[in-house]
Each structure stands twice: as C-alpha cells, then as structure tokens.
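Enquirer: What follows is final08.txt, made up of compact mmCIF, C-alpha atoms:
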```txt
# COMPACT_ATOMS: atom_id res chain seq x y z
CA MET A 1 102.97 102.95 118.61
CA ILE A 2 99.85 101.53 116.98
CA PRO A 3 99.39 97.76 117.26
CA VAL A 4 99.83 95.98 113.94
CA ASN A 5 96.35 94.49 114.33
CA TYR A 6 94.73 97.80 113.47
CA TYR A 7 96.43 97.80 110.09
CA ILE A 8 95.51 94.17 109.50
CA ILE A 9 91.86 94.80 110.38
CA LEU A 10 91.76 97.80 108.05
CA SER A 11 93.34 95.69 105.33
CA ALA A 12 90.72 92.96 105.84
CA VAL A 13 87.90 95.52 105.72
CA LEU A 14 89.23 97.06 102.51
CA PHE A 15 89.61 93.61 100.99
CA ILE A 16 86.03 92.68 101.85
CA MET A 17 84.81 95.95 100.36
CA GLY A 18 86.64 95.09 97.15
CA ALA A 19 85.18 91.58 97.13
CA SER A 20 81.64 92.86 97.68
CA GLY A 21 82.21 95.41 94.92
CA VAL A 22 82.95 92.54 92.56
CA LEU A 23 79.77 90.85 93.76
CA ILE A 24 77.30 93.73 93.61
CA ARG A 25 78.41 95.96 90.73
CA ARG A 26 77.42 95.37 87.12
CA ASN A 27 79.62 98.01 85.52
CA ALA A 28 82.72 96.05 84.46
CA LEU A 29 84.98 99.06 84.98
CA VAL A 30 83.89 99.41 88.61
CA VAL A 31 84.41 95.66 89.07
CA PHE A 32 87.95 96.24 87.86
CA MET A 33 88.43 99.06 90.35
CA SER A 34 87.24 96.73 93.12
CA VAL A 35 89.95 94.25 92.11
CA GLU A 36 92.48 97.07 92.44
CA LEU A 37 91.12 97.83 95.92
CA MET A 38 91.67 94.20 96.93
CA LEU A 39 95.25 94.22 95.63
CA ASN A 40 95.83 97.42 97.56
CA ALA A 41 94.49 95.88 100.76
CA ALA A 42 96.94 92.99 100.34
CA ASN A 43 99.75 95.52 99.88
CA LEU A 44 98.79 97.25 103.11
CA ALA A 45 99.00 93.95 104.98
CA PHE A 46 102.40 93.25 103.42
CA VAL A 47 103.82 96.61 104.50
CA ALA A 48 102.37 96.26 108.01
CA PHE A 49 103.99 92.85 108.44
CA ALA A 50 107.26 94.14 106.98
CA ARG A 51 107.24 96.81 109.70
CA MET A 52 106.33 94.28 112.38
CA TYR A 53 109.13 91.86 111.52
CA GLN A 54 111.56 94.69 110.63
CA ASN A 55 112.16 92.96 107.32
CA VAL A 56 112.36 94.69 103.95
CA ASN A 57 111.23 91.62 101.95
CA GLY A 58 107.57 92.54 102.43
CA GLN A 59 108.11 95.92 100.80
CA ILE A 60 109.83 94.27 97.83
CA PHE A 61 106.81 92.03 97.39
CA VAL A 62 104.63 95.13 97.28
CA PHE A 63 106.66 96.31 94.30
CA PHE A 64 106.06 93.08 92.46
CA ILE A 65 102.33 93.27 93.21
CA MET A 66 102.27 96.83 91.86
CA THR A 67 103.90 95.79 88.58
CA VAL A 68 101.53 92.84 88.20
CA ALA A 69 98.59 95.18 88.91
CA ALA A 70 99.79 97.62 86.27
CA ALA A 71 100.11 94.84 83.69
CA GLU A 72 96.69 93.49 84.66
CA VAL A 73 95.05 96.90 84.29
CA ALA A 74 96.61 97.47 80.87
CA VAL A 75 95.39 94.14 79.50
CA GLY A 76 92.03 94.35 81.30
CA LEU A 77 91.19 97.79 80.01
CA ALA A 78 92.18 96.71 76.49
CA LEU A 79 89.72 93.83 76.91
CA MET A 80 87.03 96.30 78.08
CA VAL A 81 87.57 98.40 74.96
CA ALA A 82 87.37 95.32 72.74
CA ILE A 83 84.19 94.09 74.46
CA PHE A 84 82.60 97.53 74.27
CA ARG A 85 83.32 97.63 70.54
CA SER A 86 81.51 94.39 69.88
CA LYS A 87 78.60 94.69 72.37
CA GLN A 88 78.21 98.47 72.86
CA SER A 89 77.93 97.84 76.61
CA ILE A 90 80.16 96.90 79.54
CA ASP A 91 77.43 95.37 81.66
CA VAL A 92 78.90 92.16 83.11
CA ASP A 93 75.45 90.51 83.01
CA GLN A 94 75.42 90.80 79.24
CA MET A 95 78.74 89.04 78.74
CA ASN A 96 77.13 85.65 78.35
CA ASN A 97 78.01 84.64 74.80
CA LEU A 98 79.58 81.38 75.98
CA LYS A 99 76.49 80.37 77.96
CA GLY A 100 75.09 77.04 76.75
CA MET B 101 95.51 108.87 122.78
CA SER B 102 98.69 109.49 120.94
CA VAL B 103 98.90 111.72 117.89
CA GLU B 104 99.81 108.75 115.75
CA LEU B 105 96.65 106.88 116.75
CA ILE B 106 94.50 109.91 115.91
CA VAL B 107 96.18 110.20 112.51
CA PHE B 108 95.68 106.50 111.91
CA LEU B 109 92.00 106.62 112.85
CA LEU B 110 91.35 109.62 110.60
CA LEU B 111 93.11 107.88 107.72
CA ALA B 112 91.27 104.61 108.34
CA LEU B 113 87.95 106.47 108.39
CA THR B 114 88.82 108.20 105.12
CA ALA B 115 89.94 104.93 103.54
CA VAL B 116 86.75 103.10 104.51
CA GLY B 117 84.58 106.07 103.57
CA THR B 118 86.12 106.45 100.14
CA GLY B 119 85.91 102.68 99.67
CA PHE B 120 82.17 102.85 100.31
CA GLY B 121 81.96 105.86 98.03
CA MET B 122 83.55 103.85 95.24
CA LEU B 123 81.30 100.90 95.97
CA LEU B 124 78.06 102.86 95.92
CA SER B 125 78.51 105.69 93.43
CA ARG B 126 76.51 105.14 90.26
CA HIS B 127 78.81 107.23 88.14
CA ALA B 128 82.04 105.44 87.16
CA VAL B 129 84.07 108.66 87.10
CA TYR B 130 83.12 109.40 90.71
CA ALA B 131 84.03 105.82 91.64
CA ALA B 132 87.47 106.29 90.06
CA LEU B 133 88.05 109.58 91.88
CA PHE B 134 87.03 108.01 95.21
CA LEU B 135 89.53 105.24 94.51
CA VAL B 136 92.29 107.81 93.88
CA LEU B 137 91.58 109.31 97.31
CA ASN B 138 91.64 105.83 98.83
CA PHE B 139 95.04 105.11 97.30
CA ALA B 140 96.34 108.43 98.61
CA THR B 141 95.26 107.66 102.18
CA VAL B 142 96.85 104.22 101.96
CA ALA B 143 100.05 105.91 100.74
CA ILE B 144 100.07 108.09 103.86
CA MET B 145 99.62 104.91 105.90
CA TYR B 146 102.73 103.49 104.25
CA LEU B 147 104.55 106.60 105.50
CA LEU B 148 103.28 105.85 109.02
CA LEU B 149 104.65 102.32 108.60
CA ASP B 150 108.14 103.63 107.74
CA ALA B 151 107.99 102.67 104.07
CA PRO B 152 108.53 106.02 102.28
CA PHE B 153 109.66 104.59 98.97
CA VAL B 154 106.65 102.28 98.73
CA ALA B 155 104.41 105.22 99.62
CA LEU B 156 105.76 107.37 96.82
CA SER B 157 105.59 104.58 94.25
CA GLN B 158 102.01 104.00 95.40
CA VAL B 159 101.21 107.61 94.56
CA THR B 160 102.99 107.58 91.19
CA VAL B 161 102.03 104.09 90.00
CA TYR B 162 98.56 103.59 91.48
CA ALA B 163 97.07 107.03 92.00
CA GLY B 164 98.98 108.35 89.01
CA ALA B 165 99.42 105.92 86.17
CA ILE B 166 96.76 103.26 86.79
CA MET B 167 93.93 105.60 87.69
CA VAL B 168 94.69 107.92 84.77
CA LEU B 169 94.39 104.87 82.53
CA PHE B 170 91.04 104.05 84.17
CA LEU B 171 89.68 107.57 83.76
CA PHE B 172 90.90 107.66 80.18
CA VAL B 173 89.06 104.45 79.29
CA ILE B 174 85.88 105.50 81.15
CA MET B 175 85.74 108.75 79.21
CA LEU B 176 86.75 107.06 75.95
CA LEU B 177 83.94 104.54 76.15
CA GLY B 178 81.36 107.00 77.39
CA ALA B 179 79.82 104.26 79.53
CA GLU B 180 79.86 106.00 82.89
CA GLN B 181 76.42 104.91 83.99
CA LEU B 182 74.43 101.78 83.43
CA PRO B 183 70.64 101.71 83.72
CA ASN B 184 69.56 99.89 86.91
CA GLU B 185 73.11 99.40 88.16
CA PHE B 186 72.02 98.01 91.53
CA LYS B 187 69.60 95.13 91.50
CA TRP B 188 68.50 95.07 95.11
CA ARG B 189 67.15 91.53 95.10
CA ASP B 190 70.61 90.28 94.08
CA LEU B 191 72.30 92.44 96.65
CA LEU B 192 71.23 90.64 99.82
CA PRO B 193 73.16 87.37 99.30
CA ALA B 194 76.22 89.40 98.26
CA ILE B 195 76.12 91.43 101.47
CA VAL B 196 75.62 88.30 103.60
CA LEU B 197 78.56 86.60 101.86
CA ALA B 198 80.75 89.67 102.31
CA LEU B 199 80.01 89.92 106.04
CA LEU B 200 80.68 86.20 106.42
CA LEU B 201 84.02 86.63 104.65
CA LEU B 202 84.91 89.56 106.90
CA ALA B 203 84.11 87.65 110.08
CA GLU B 204 86.04 84.62 108.85
CA SER B 205 89.11 86.58 107.82
CA ILE B 206 89.30 88.54 111.06
CA TYR B 207 88.85 85.34 113.09
CA LEU B 208 91.59 83.54 111.16
CA LEU B 209 93.94 86.51 111.32
CA PHE B 210 93.62 86.73 115.05
CA GLN B 211 94.25 83.07 115.56
CA LYS B 212 97.68 83.63 114.08
CA ILE B 213 98.55 86.95 115.66
CA THR B 214 98.46 87.52 119.37
CA LEU B 215 96.18 90.36 120.29
CA ASN B 216 98.86 92.72 121.51
CA ALA B 217 101.39 92.21 118.76
CA GLY B 218 102.68 95.75 118.98
CA LEU B 219 105.06 97.42 116.61
CA THR B 220 108.41 98.40 117.98
CA SER B 221 108.61 102.14 118.36
CA SER B 222 111.52 102.62 115.98
CA ALA B 223 112.08 101.06 112.61
CA ALA B 224 115.18 99.05 111.89
CA GLU B 225 118.00 100.81 110.10
CA GLY B 226 117.45 99.23 106.68
CA LEU B 227 113.66 99.44 106.60
CA THR B 228 113.31 103.04 105.49
CA ASP B 229 116.38 103.16 103.27
CA PRO B 230 115.66 102.73 99.54
CA ALA B 231 119.31 101.75 98.96
CA VAL B 232 118.94 98.65 101.16
CA MET B 233 115.78 97.71 99.32
CA ALA B 234 117.44 98.21 95.93
CA SER B 235 120.45 96.06 96.80
CA LYS B 236 118.11 93.29 97.92
CA LEU B 237 115.98 93.68 94.80
CA PHE B 238 119.00 93.31 92.53
CA SER B 239 120.57 90.40 94.42
CA SER B 240 118.12 87.96 96.04
CA TYR B 241 115.16 89.01 93.89
CA LEU B 242 116.99 89.35 90.57
CA LEU B 243 115.16 86.53 88.79
CA PRO B 244 111.62 87.73 89.70
CA PHE B 245 112.70 91.23 88.70
CA GLU B 246 113.73 90.05 85.24
CA VAL B 247 110.59 87.93 84.89
CA THR B 248 108.58 91.06 85.69
CA SER B 249 110.11 92.81 82.68
CA ILE B 250 108.93 89.97 80.44
CA LEU B 251 105.47 90.19 82.04
CA LEU B 252 105.26 93.91 81.29
CA LEU B 253 106.38 93.33 77.71
CA VAL B 254 103.75 90.63 77.22
CA ALA B 255 101.08 92.88 78.75
CA MET B 256 102.06 95.73 76.45
CA VAL B 257 101.97 93.56 73.32
CA GLY B 258 98.66 92.04 74.46
CA ALA B 259 97.05 95.43 75.04
CA ILE B 260 98.13 96.65 71.61
CA VAL B 261 96.89 93.50 69.86
CA LEU B 262 93.54 93.57 71.71
CA THR B 263 92.74 97.18 70.85
CA LYS B 264 94.06 97.18 67.31
CA GLN B 265 91.45 97.97 64.70
CA GLU B 266 91.30 95.35 62.00
CA LYS B 267 92.21 97.03 58.76
CA LYS B 268 90.25 95.82 55.80
CA LYS B 269 92.51 95.01 52.89
CA LYS B 270 91.66 96.27 49.46
CA GLY B 271 89.52 93.90 47.46
CA GLU B 272 88.52 91.94 50.54
CA GLN B 273 84.87 91.77 51.49
CA ALA B 274 84.01 92.90 54.96
```
Would you encode the structure as structure tokens?
Expert:
Amino acid sequence: MIPVNYYIILSAVLFIMGASGVLIRRNALVVFMSVELMLNAANLAFVAFARMYQNVNGQIFVFFIMTVAAAEVAVGLALMVAIFRSKQSIDVDQMNNLKG
Amino acid sequence: MSVELIVFLLLALTAVGTGFGMLLSRHAVYAALFLVLNFATVAIMYLLLDAPFVALSQVTVYAGAIMVLFLFVIMLLGAEQLPNEFKWRDLLPAIVLALLLLAESIYLLFQKITLNAGLTSSAAEGLTDPAVMASKLFSSYLLPFEVTSILLLVAMVGAIVLTKQEKKKKGEQA
C-alpha cells in the first residue's frame, strides 16, 4: 500500500502550482482555472486523510467543496462576462478602476 | 515496486505535467483542456483511495459541468490569448514565493504526520459504500446540506443578474 505522504505531497505540489498560476498569469480565466486546481488539491488531501483514518466524513467534505466550487465558477464566469462587456479585455492588470 | 505504486507514480506524473501545461500554455482553451485531464487523473486517484463515488462525481461535476462552463465562456468571449501574457521580470518573485510556499507546506505537513504513516491495506466497510455516505449526509450533515441548496440558489440568481443585458425602456435616453 502506498504511504499517505505521497498523496499529501502531490496535493501540496498541485496546490502550489495553482497558487503560482494565480501569481504569474494575466488572463483572468486562467487565474480562475488555477483557483480550481487549488480546490482540487485540497480535495485530494481530504480523500487521502479519509482513507488514512477510515472515516467517511472527509469524503462528505469533498462534496461540499465541489458544490461551493460549482457556485463560485458560475458567479465568477458571470463576472468575467460582465467585465469583458465593459472593458473588452479580461487582463487582470487592466482591472484597476478602483485604484486611487 | 508494487503495481499500485507504479500506477500512482504514472498518475502523479500526469497530474503534475498537465498542471504545468495549464500553467504555461498561452492559449486559454489548451489550458482548460489540460485542466480536464488533470481532473481525470485526480479522479483515478480517488479510485485508488477507495472513494468511488467521489471519483465519479469528480468526473461529472468538475471535468464535466465546470469545465464545459469554462470552455463555453472562453469561446463566447473570444479572449483566448492576451498579448504579452508572461511578463518575465514579474515572474521571478512569483516563482521564488511559490517555491518558498512549497517548502513551508511540506515541512509543516511532515511535522504533523510521521514519515511512515502507511495506509492500511484494506478499506473499512463503510468507506467505499455510497449508502453509508448518504445516510451520514442526511443525518449529521443535514444542516450544511440544506445551506448548500440556498448557496446554489443565490449563485444562480447572482449569475443571471450579472449577465443580464440592461433593456432600454422606450422613451428613455441611453
């Protein structure tokens, strides 16, 4: 059987990749996808720990995270469409209307 | 090396590779497709971890519904590529910060878990059974479950309101 550490390390690596995606990308849609990658990494850790402790609660939490992610994507993409309508661009560097 | 370890390593390699593909592809559609592949490999990992129901909902919800929504919006907006997407002078601090975060998280994780925290070779009876999960979801987690329905309703209404085109009434100046 594989040690649970392998899954946790993979989860950490995927999370860091998502975080660096948020840092380096300027396309707001790809930034959004990076957020999804981070949520997914957290889910992987949850399932790995659920298996380790033989406890189904972790898997139930994954369901709740999935529903929250779905809601977040629906609202976020609606925001993207609204921003694109007003600015004709989804470059995150150009979303600076509130800058003093 | 057991078969399971080989499968895990192949999946981990695919997951990290597709993650990098998403991170570095200039075209947003390619990034989305890489992410679909990433979600699929993670779903197979859920199968390895004896969570079949979570694996299948991962495929339907994430790789299915969410990514279709992403691809739909990318193609609707027609904003797949930005000019000078990567600004290399801004990239260096981001990479340094990311590596720092990785080192920190792995260090902290391993303070809490002993190095040889192995998984038991067989899963407990209730872990793979969707019926056990459902009975728990509708008893101990009933309140969060109901709150989730309100959250989805609010998200739906919010998405509709945000994307609604303002109709100009007759006689009203634009």
Enquirer: Extract, using all atoms listed in the file, all DNA, RNA and protein residues at most 10 Å from Ala163 (chain B), discarding same-chain residues fewer than 4 positions from it, and format them as a list of chain:residue names.
Expert: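 The neighbour list is B:Ala132, B:Leu133, B:Leu135, B:Val136, B:Leu137, B:Asn138, B:Phe139, B:Ala140, B:Ala143, B:Leu156, B:Ser157, B:Gln158, B:Val159, B:Met167, B:Val168.
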Enquirer: Could you list, with a cut-off of 12 Å and counting only C-alpha atoms, the residues of region 152-199 of chain B near region 22-35 of chain A, each shown with its nearest atom pair and the distance in Å rounded to one decimal, rows sorted by chain and ascending number, as JSON lines?
Expert:
```
{"residue": "B:Tyr162", "atom": "CA", "partner": "A:Met33", "partner_atom": "CA", "distance": 11.2}
{"residue": "B:Ala163", "atom": "CA", "partner": "A:Met33", "partner_atom": "CA", "distance": 11.9}
{"residue": "B:Ile166", "atom": "CA", "partner": "A:Met33", "partner_atom": "CA", "distance": 10.0}
{"residue": "B:Met167", "atom": "CA", "partner": "A:Met33", "partner_atom": "CA", "distance": 8.9}
{"residue": "B:Leu169", "atom": "CA", "partner": "A:Leu29", "partner_atom": "CA", "distance": 11.3}
{"residue": "B:Phe170", "atom": "CA", "partner": "A:Leu29", "partner_atom": "CA", "distance": 7.9}
{"residue": "B:Leu171", "atom": "CA", "partner": "A:Leu29", "partner_atom": "CA", "distance": 9.8}
{"residue": "B:Phe172", "atom": "CA", "partner": "A:Leu29", "partner_atom": "CA", "distance": 11.5}
{"residue": "B:Val173", "atom": "CA", "partner": "A:Leu29", "partner_atom": "CA", "distance": 8.8}
{"residue": "B:Ile174", "atom": "CA", "partner": "A:Leu29", "partner_atom": "CA", "distance": 7.5}
{"residue": "B:Met175", "atom": "CA", "partner": "A:Leu29", "partner_atom": "CA", "distance": 11.3}
{"residue": "B:Leu177", "atom": "CA", "partner": "A:Leu29", "partner_atom": "CA", "distance": 10.4}
{"residue": "B:Gly178", "atom": "CA", "partner": "A:Leu29", "partner_atom": "CA", "distance": 11.6}
{"residue": "B:Ala179", "atom": "CA", "partner": "A:Asn27", "partner_atom": "CA", "distance": 8.7}
{"residue": "B:Glu180", "atom": "CA", "partner": "A:Asn27", "partner_atom": "CA", "distance": 8.4}
{"residue": "B:Gln181", "atom": "CA", "partner": "A:Asn27", "partner_atom": "CA", "distance": 7.8}
{"residue": "B:Leu182", "atom": "CA", "partner": "A:Asn27", "partner_atom": "CA", "distance": 6.7}
{"residue": "B:Pro183", "atom": "CA", "partner": "A:Asn27", "partner_atom": "CA", "distance": 9.9}
{"residue": "B:Asn184", "atom": "CA", "partner": "A:Arg26", "partner_atom": "CA", "distance": 9.1}
{"residue": "B:Glu185", "atom": "CA", "partner": "A:Arg26", "partner_atom": "CA", "distance": 6.0}
{"residue": "B:Phe186", "atom": "CA", "partner": "A:Arg25", "partner_atom": "CA", "distance": 6.8}
{"residue": "B:Lys187", "atom": "CA", "partner": "A:Ile24", "partner_atom": "CA", "distance": 8.1}
{"residue": "B:Trp188", "atom": "CA", "partner": "A:Ile24", "partner_atom": "CA", "distance": 9.0}
{"residue": "B:Arg189", "atom": "CA", "partner": "A:Ile24", "partner_atom": "CA", "distance": 10.5}
{"residue": "B:Asp190", "atom": "CA", "partner": "A:Ile24", "partner_atom": "CA", "distance": 7.5}
{"residue": "B:Leu191", "atom": "CA", "partner": "A:Ile24", "partner_atom": "CA", "distance": 6.0}
{"residue": "B:Leu192", "atom": "CA", "partner": "A:Ile24", "partner_atom": "CA", "distance": 9.2}
{"residue": "B:Pro193", "atom": "CA", "partner": "A:Leu23", "partner_atom": "CA", "distance": 9.3}
{"residue": "B:Ala194", "atom": "CA", "partner": "A:Leu23", "partner_atom": "CA", "distance": 5.9}
{"residue": "B:Ile195", "atom": "CA", "partner": "A:Ile24", "partner_atom": "CA", "distance": 8.3}
{"residue": "B:Val196", "atom": "CA", "partner": "A:Leu23", "partner_atom": "CA", "distance": 11.0}
{"residue": "B:Leu197", "atom": "CA", "partner": "A:Leu23", "partner_atom": "CA", "distance": 9.2}
{"residue": "B:Ala198", "atom": "CA", "partner": "A:Leu23", "partner_atom": "CA", "distance": 8.7}
```
Enquirer: To one decimal in Å, tell me the separation between CA of Val161 (chain B) and CA of Met66 (chain A).
Expert: 7.5 Å
Enquirer: For the atom pair CA of Ala82 (chain A) and CA of Thr160 (chain B), what is the interatomic distance in Å to one decimal place?
Expert: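 Separation between CA of Ala82 (chain A) and CA of Thr160 (chain B): 27.1 Å.
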Enquirer: With only C-alpha atoms as the counted atoms, please give the residues lying no more than 8 Å from Ile8 (chain A), apart from itself and same-chain residues fewer than 6 positions off, as a list in words.
Expert: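 These residues fall inside the cut-off: Leu44, Ala45 and Ala48 of chain A.
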Enquirer: Using only C-alpha atoms, which of the listed residues (B:Leu227, B:Val261, B:Val247, B:Met256) sits closest to Phe153 (chain B)?
Expert: B:Leu227
Enquirer: Could you tell me which of A:Pro3, A:Glu72, A:Glu36, A:Phe63 comes closest to chain B if we count all atoms listed in the file?
Expert: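 Closest residue, counting all atoms listed in the file: A:Pro3.
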Enquirer: Counting all atoms listed in the file, a student should be able to say which residues of chain A come within 8 Å of chain B; what is the right answer, written as number ranges by chain?
Expert: A: 1-5, 9-10, 12-14, 16-21, 23-27, 29-30, 33-34, 37, 40, 44, 47-48, 51-52, 54-56, 59-60, 62-64, 66-68, 70-75, 77-79, 81-82, 84, 89-91
Enquirer: Could you check which of A:Tyr53, A:Gly100, A:Phe15, A:Gly58 is closest to Leu39 (chain A), using all atoms listed in the file?
Expert: A:Phe15
Enquirer: Just how far from CA of Thr118 (chain B) is CA of Phe61 (chain A), in Å to one decimal?
Expert: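 Distance reported for this atom pair: 25.4 Å.
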Enquirer: Could you add N, CA and C atoms to region 66-79 of chain A and give me the result as a short mmCIF file (atom, residue, chain, number, x, y, z; two decimals), keeping the file's coordinate frame?
Expert:
```cif
data_model
loop_
_atom_site.label_atom_id
_atom_site.label_comp_id
_atom_site.auth_asym_id
_atom_site.auth_seq_id
_atom_site.Cartn_x
_atom_site.Cartn_y
_atom_site.Cartn_z
N MET A 66 102.60 95.62 92.62
CA MET A 66 102.27 96.83 91.86
C MET A 66 102.51 96.62 90.37
N THR A 67 103.63 95.98 90.01
CA THR A 67 103.90 95.79 88.58
C THR A 67 102.88 94.84 87.97
N VAL A 68 102.54 93.78 88.72
CA VAL A 68 101.53 92.84 88.20
C VAL A 68 100.20 93.55 88.04
N ALA A 69 99.85 94.44 89.01
CA ALA A 69 98.59 95.18 88.91
C ALA A 69 98.59 96.09 87.70
N ALA A 70 99.73 96.73 87.43
CA ALA A 70 99.79 97.62 86.27
C ALA A 70 99.60 96.84 84.98
N ALA A 71 100.26 95.67 84.88
CA ALA A 71 100.11 94.84 83.69
C ALA A 71 98.67 94.38 83.54
N GLU A 72 98.06 93.99 84.67
CA GLU A 72 96.69 93.49 84.66
C GLU A 72 95.72 94.59 84.20
N VAL A 73 95.94 95.79 84.68
CA VAL A 73 95.05 96.90 84.29
C VAL A 73 95.18 97.20 82.81
N ALA A 74 96.43 97.17 82.29
CA ALA A 74 96.61 97.47 80.87
C ALA A 74 95.87 96.46 80.01
N VAL A 75 96.05 95.17 80.31
CA VAL A 75 95.39 94.14 79.50
C VAL A 75 93.88 94.18 79.73
N GLY A 76 93.46 94.36 80.99
CA GLY A 76 92.03 94.35 81.30
C GLY A 76 91.30 95.48 80.62
N LEU A 77 91.87 96.68 80.65
CA LEU A 77 91.19 97.79 80.01
C LEU A 77 91.16 97.63 78.49
N ALA A 78 92.22 97.01 77.92
CA ALA A 78 92.18 96.71 76.49
C ALA A 78 91.04 95.74 76.19
N LEU A 79 90.84 94.76 77.08
CA LEU A 79 89.72 93.83 76.91
C LEU A 79 88.39 94.56 76.98
#
```
